[in-house]
Amino acid sequence: MFERMIRSNWFVPITVILIILFLLPIAAPRFYVYILALIYVTALLAMSLNMVVGHGGMFQFHHAVFYGVGAYTVALMLTKTKLPLWVGFIAGPLVAAITGLIIGWFCVRLTRLYFGMLQISLGSLIWAIVFRWYSFTGGDDGIHGVSMPSFLSSLNHSYYFILVVFLICLVLMYMIFRSPFGSTLQAIRDNAQRCEAVGINVRLYQLGGIVVATFFAGVAGVLFVVLERSVFAEMLFWVLSLEIFIMCLLGGWFTFAGPILGAAMIVALRTFVGKYTEYWTLILGVILILVIFFLPEGVMGFFQDLLKPASKELSERGR
Amino acid sequence: MLQVEGVMKSFDGFMAVNGANLTVGKGEIVAVIGPNGAGKTTLFNLITGTLRRDRGRIVFKGEDISELPPYEICKRGISRSYQIVNIFPRLTVFGNVQVAVLSHQRKSSNLFRPAQNIAVEETRRILESVGLLNKEKSIAGSLSHGDQKILEIAIALGNEPELLILDEPTAGMSPEETSATMELVRRLAKTRGLTILFCEHDMDIVFSVAQSIMVMRYGQTIIQASPEEVRNNKEVQEAYLGGE
Amino acid sequence: MTFGGAELICQLLVGISRSMILFIVCAGLSFVLGVLRVPNIAHGSLYMIGAFATFSITKMFAGSTGFWIALILAPLLVALVSLIAERALFQHLYQREHLMLLLFTFAISLILGDLVKIVWGAEYKSVSAPALLKGSISLLGASFPRYNLFLILIGPLVAIALWLFTIKTKIGKISRAAAVDREMVGVLGINVSWVFAIAFVIGCYLAGVGGALVAPTVSITLGMDHTLIIEAFLIVIIGGLGNMWGALVGSLIFGITHSFGVLFWPQFAIVFPYIAVVIVLLLRPKGLLKSVW
């Protein structure tokens, strides 16, 4: 397997990118290090959404909830209990996945828009509780100043921690994407009815996909706390959910790495365009409309289509 | 192997299937015929669990399967293909069949092994037997209609069924494709020891391939008998053959 | 905690009056969903524009007349904005799948949100109710705001008007038919494109009416679109997609649970409607009344 990795034409560019990313904090200004780390966190979140939506074909409208639940879990454990750090780090994703299991259990009985609406209302319920429970979650103020141990004290240390976790998650998600489970999920997305007919318990697999994806969303939530030392109720608000949807759309639904590109685009747009004008969402809106009109497979999907004429033909037929 | 006994199904008061009876013995090739709207596809949907029957019994290998969901019925050895192409359009041809093979081998839930190394032999063998091996890397949605219909059958074979149900396997095919497909079906039945239940519009095909024919009209079974008997049956002639 | 009967009734009426604004907005959203199959997130932005426009128009006139004029003009302005959006953009996208439409309308809402910020700025705005509707009346010994009474009266009026529109007028009948069977309408030789445009504009007009009506009761602010639209979607779903009476039932459930939440456990008042929605969806996933989908 290792040999094949080296022979693959992706090996060199990926290695170069990785080396740059690892060396970057030495040379780059703090601000850029921070932005990059934020991109990793957001990208992980977007990819976890894409697992259910792009690969699984489920209308998980309110995915941000699990990000928020993961972040709040670790923030609450670190501020309210004396439990060691790693317990919180493990609990965050686990609680997110359990929340995903519970919400998903109700939702997989429905399809499409109805799935999405039940999901968004259950998610909003959690948001509403977090938003108002001042004594426990800090309500709309959130929780600030979550203290981190010394090995995560500086920004550079957090950067490396986030990068490593992000890369591990990336590898795991790629393995899942290519695994029988991943291809079965994609088959369900393409044609759920046929999947039932070849002996697949569709709801069970969808639920499995949701649990795995919400786990990774929880990991992203934990990483957010590592980076920001804070959590906000907005992390569970549906607007963020749509924002990550947009990242998947911009990058390309049906690709594996598309959401990374989408997340980078949004974070960069907000940071760098936001510097010049407070109306960056206007620009985002215009870009989105252009993408929807002209690149419905997303930027990454568009380039993949250029490389693979066969799949381009398909996407045109499919419309 | 399969007995359908007095099965009924209505949609909003319309009796789509109103007393269907069918017996399929092991190793047989059985055809269901009847005019459009006679309830053939509905009957197949009932057998495979896509729809749930209102009344009656469906027994497969001695077990009542009429309350089971589709995936459970599939696991017991019934696979089907569809009249209207029903494949996984974004997956490759290989991927389409592999989904079924993985499901059959109970390996679909494997999370971390790359799928490209699992069940490759079996999938390739099926593709070879239907003659699609040279197109295994194509995206299924880009195949020609005829090839997609063949892929339909290949997916159904992925579950290594004992009973294969084919809903108009040659619908929309050219005459050459049709005869090639029916030749394929006959060969599959022989080499794999499959039991086949199919429906088809082309009477020449039905009478040349089927060993037993069930005739339906208005959702009801008129008769099930050998091709000879069906051909000579008065009621069938009036209801169906004579009417054309 | 104990409450007198009068307080309970008052709170119930407050809930109903709030429901009326929700209903007017949701009826529009549901109409667009039913006829055009577009889950329009920008509906919330149009509601917000309605409220901001009401603020500006009210300020242009002295005394109470401004509000009444705004009540007419603000929704028309909203209708105009929606007509432009429909002709320029929406009409090319009706064939796309729901998810794309959802994201597309979200993009529109981002743009409209920033346009509102450019035109009106980021500060809070408030509109005072016209003199006629200021103050409270005494109701069973408790005081009840006159403006809320006005809302309770106007809600049924809008419902009846909309109902008459769909059963009496030609456009209404066509759009009802289009909601059930789109091909059919095309076959009849009707210009579907314009039917859709009119239906869209009517739906959005209602968002504007809702925005104008809500203006005196809340502080008008950026972000009010986001809070509203999520509630509106849930209401439309629990009522039954595209069903106007469903929108009414859903709004009442939402408004009344909220107002009783305020009474019994103010801190978690916003949680109650969501709980109600979840219960309804678990029991009747496709909504309480018949959905046109």
# chains A, B, ... in the order shown; residues from 1 in each chain; ligands from 1
>>> interface_residues(of="chain A", to="chain C", cutoff="6 Å", atoms="only C-alpha atoms", output="ChimeraX atom specification")
/A:125,128,279,281-282,285
>>> residues_around(residues="stretch 20-35 of chain B", least_positions_apart="6", cutoff="7 Å", atoms="only C-alpha atoms", output="list in words")
Met1, Leu2, Gln3, Val4, Glu5, Gly6, Val7, Met8, Gly193, Leu194, Thr195, Ile196, Leu197, Phe198, Cys199, Glu200, Val206, Ala210, Gln211, Ser212, Ile213, Met214, Val215, Met216, Arg217, Gly219, Gln220, Thr221 and Tyr240 of chain B
>>> atom_distance(atom1="atom CA of B:Ile155", atom2="atom CA of B:Glu67")
24.1 Å
>>> residues_around(residues="stretch 62-67 of chain C", least_positions_apart="2", cutoff="12 Å", atoms="only C-alpha atoms", output="number ranges by chain")
C: 51, 53-60, 69-74, 126-134, 212-216
>>> write_last_selection(atoms="C-alpha atoms", output="compact mmCIF listing (two decimals), in the first residue's frame")
# COMPACT_ATOMS: atom_id res chain seq x y z
CA ALA C 51 -40.23 46.32 8.59
CA ALA C 53 -39.42 50.27 4.92
CA THR C 54 -42.27 50.80 7.35
CA PHE C 55 -39.85 52.64 9.62
CA SER C 56 -38.71 54.96 6.82
CA ILE C 57 -42.15 55.66 5.44
CA THR C 58 -43.64 56.30 8.87
CA LYS C 59 -40.91 58.85 9.53
CA MET C 60 -41.65 60.74 6.33
CA ILE C 69 -49.43 54.75 4.42
CA ALA C 70 -46.50 52.51 5.25
CA LEU C 71 -48.84 49.60 5.76
CA ILE C 72 -49.84 49.99 2.12
CA LEU C 73 -46.55 51.04 0.56
CA ALA C 74 -43.99 48.88 2.38
CA SER C 126 -38.37 51.48 16.15
CA VAL C 127 -41.77 52.50 14.90
CA SER C 128 -44.48 53.71 17.17
CA ALA C 129 -48.02 52.54 16.63
CA PRO C 130 -50.52 55.09 15.33
CA ALA C 131 -52.43 57.03 17.96
CA LEU C 132 -55.58 55.06 17.34
CA LEU C 133 -53.84 51.82 18.35
CA LYS C 134 -51.69 53.09 21.18
CA ALA C 212 -45.00 46.15 8.28
CA LEU C 213 -47.36 44.81 10.92
CA VAL C 214 -44.59 43.62 13.21
CA ALA C 215 -42.73 46.94 13.04
CA PRO C 216 -44.46 48.68 15.99
>>> closest_atom_pairs(of="chain B", to="chain A", cutoff="7 Å", atoms="only C-alpha atoms", output="CSV")
residue,atom,partner,partner_atom,distance
B:Pro70,CA,A:Ala197,CA,5.6
B:Tyr71,CA,A:Gly199,CA,3.7
B:Glu72,CA,A:Gly199,CA,6.3
B:Cys74,CA,A:Gly199,CA,4.9
B:Lys75,CA,A:Gly199,CA,5.5
B:Ser79,CA,A:Val198,CA,6.8
B:Asn86,CA,A:Arg194,CA,6.7
B:Ile87,CA,A:Asn191,CA,6.9
B:Phe88,CA,A:Asp190,CA,5.2
B:Pro89,CA,A:Asp190,CA,6.5
B:Arg90,CA,A:Asp190,CA,6.6
B:Val99,CA,A:Thr184,CA,6.0
B:Ala100,CA,A:Val198,CA,5.4
B:Ser103,CA,A:Gly199,CA,6.2
B:Lys107,CA,A:Pro180,CA,6.8
B:Ser108,CA,A:Pro180,CA,4.9
B:Ser109,CA,A:Phe181,CA,4.8
B:Asn110,CA,A:Phe181,CA,5.5
B:Leu111,CA,A:Ile176,CA,5.3
B:Phe112,CA,A:Met175,CA,5.3
B:Arg113,CA,A:Ser179,CA,5.3
B:Pro114,CA,A:Ser179,CA,4.5
B:Ala115,CA,A:Ser179,CA,4.5
B:Ile139,CA,A:Ser311,CA,6.6
B:Gly141,CA,A:Leu314,CA,5.8
B:Ser142,CA,A:Leu314,CA,5.5
B:Ala156,CA,A:Val198,CA,6.9
B:Asn159,CA,A:Val198,CA,6.5
>>> select_by_dssp(residues="stretch 27-172 of chain B", states="strand (DSSP E)", output="ChimeraX atom specification")
/B:29-33,55-60,63-64,78-81,163-167
>>> select_by_dssp(residues="stretch 7-204 of chain B", states="helix (DSSP H, G or I)", output="count of residues only")
79
>>> closest_residue(among="A:Gly68, A:Gly262, A:Gly142, A:Pro296", to="A:Ser241", atoms="only C-alpha atoms")
A:Gly68
>>> residues_around(residues="B:Gln98", least_positions_apart="2", cutoff="8 Å", atoms="only C-alpha atoms", output="CSV table (one decimal) with C-alpha atoms, in the first residue's frame")
chain,number,residue,atom,x,y,z
B,94,PHE,CA,-18.0,-2.1,-11.1
B,95,GLY,CA,-19.2,-0.1,-8.2
B,96,ASN,CA,-22.8,-0.8,-9.1
B,100,ALA,CA,-24.7,-5.8,-4.1
B,101,VAL,CA,-21.8,-8.3,-3.7
B,102,LEU,CA,-20.6,-6.5,-0.6
B,119,ALA,CA,-15.1,-8.7,-3.4
B,120,VAL,CA,-13.2,-7.9,-6.6
B,123,THR,CA,-17.8,-8.7,-8.9
B,155,ILE,CA,-26.6,-5.9,-9.9
B,158,GLY,CA,-24.5,-9.7,-7.1
>>> residues_around(residues="A:Leu261", least_positions_apart="4", cutoff="12 Å", atoms="only C-alpha atoms", output="PyMOL selection string")
chain A and resi 39-40+42-44+46-47+244+246-253+255-257+265-269+298-301
>>> write_last_selection(atoms="C-alpha atoms", output="JSON list (two decimals), in the first residue's frame")
[["chain", "number", "residue", "atom", "x", "y", "z"],
["A", 39, "ILE", "CA", -9.51, 26.87, 8.02],
["A", 40, "TYR", "CA", -8.60, 23.38, 9.23],
["A", 42, "THR", "CA", -13.92, 24.72, 9.42],
["A", 43, "ALA", "CA", -12.79, 22.34, 6.71],
["A", 44, "LEU", "CA", -13.17, 19.38, 9.05],
["A", 46, "ALA", "CA", -17.57, 20.96, 6.20],
["A", 47, "MET", "CA", -16.17, 17.56, 5.31],
["A", 244, "ILE", "CA", -21.14, 24.99, 5.85],
["A", 246, "ILE", "CA", -22.27, 26.60, 1.09],
["A", 247, "MET", "CA", -18.71, 25.44, 1.64],
["A", 248, "CYS", "CA", -19.65, 22.01, 0.33],
["A", 249, "LEU", "CA", -21.45, 23.59, -2.60],
["A", 250, "LEU", "CA", -18.53, 25.86, -3.46],
["A", 251, "GLY", "CA", -16.03, 23.05, -3.25],
["A", 252, "GLY", "CA", -18.18, 20.38, -4.85],
["A", 253, "TRP", "CA", -20.60, 17.89, -3.31],
["A", 255, "THR", "CA", -15.73, 15.17, -4.38],
["A", 256, "PHE", "CA", -13.82, 14.14, -1.30],
["A", 257, "ALA", "CA", -11.61, 17.19, -0.82],
["A", 265, "MET", "CA", -12.67, 30.10, 0.34],
["A", 266, "ILE", "CA", -15.27, 31.19, 2.87],
["A", 267, "VAL", "CA", -12.83, 31.76, 5.73],
["A", 268, "ALA", "CA", -10.47, 33.67, 3.45],
["A", 269, "LEU", "CA", -13.30, 35.70, 2.00],
["A", 298, "GLY", "CA", -18.63, 23.17, -7.34],
["A", 299, "VAL", "CA", -15.17, 24.42, -8.10],
["A", 300, "MET", "CA", -13.44, 21.14, -7.32],
["A", 301, "GLY", "CA", -16.11, 19.19, -9.15]]
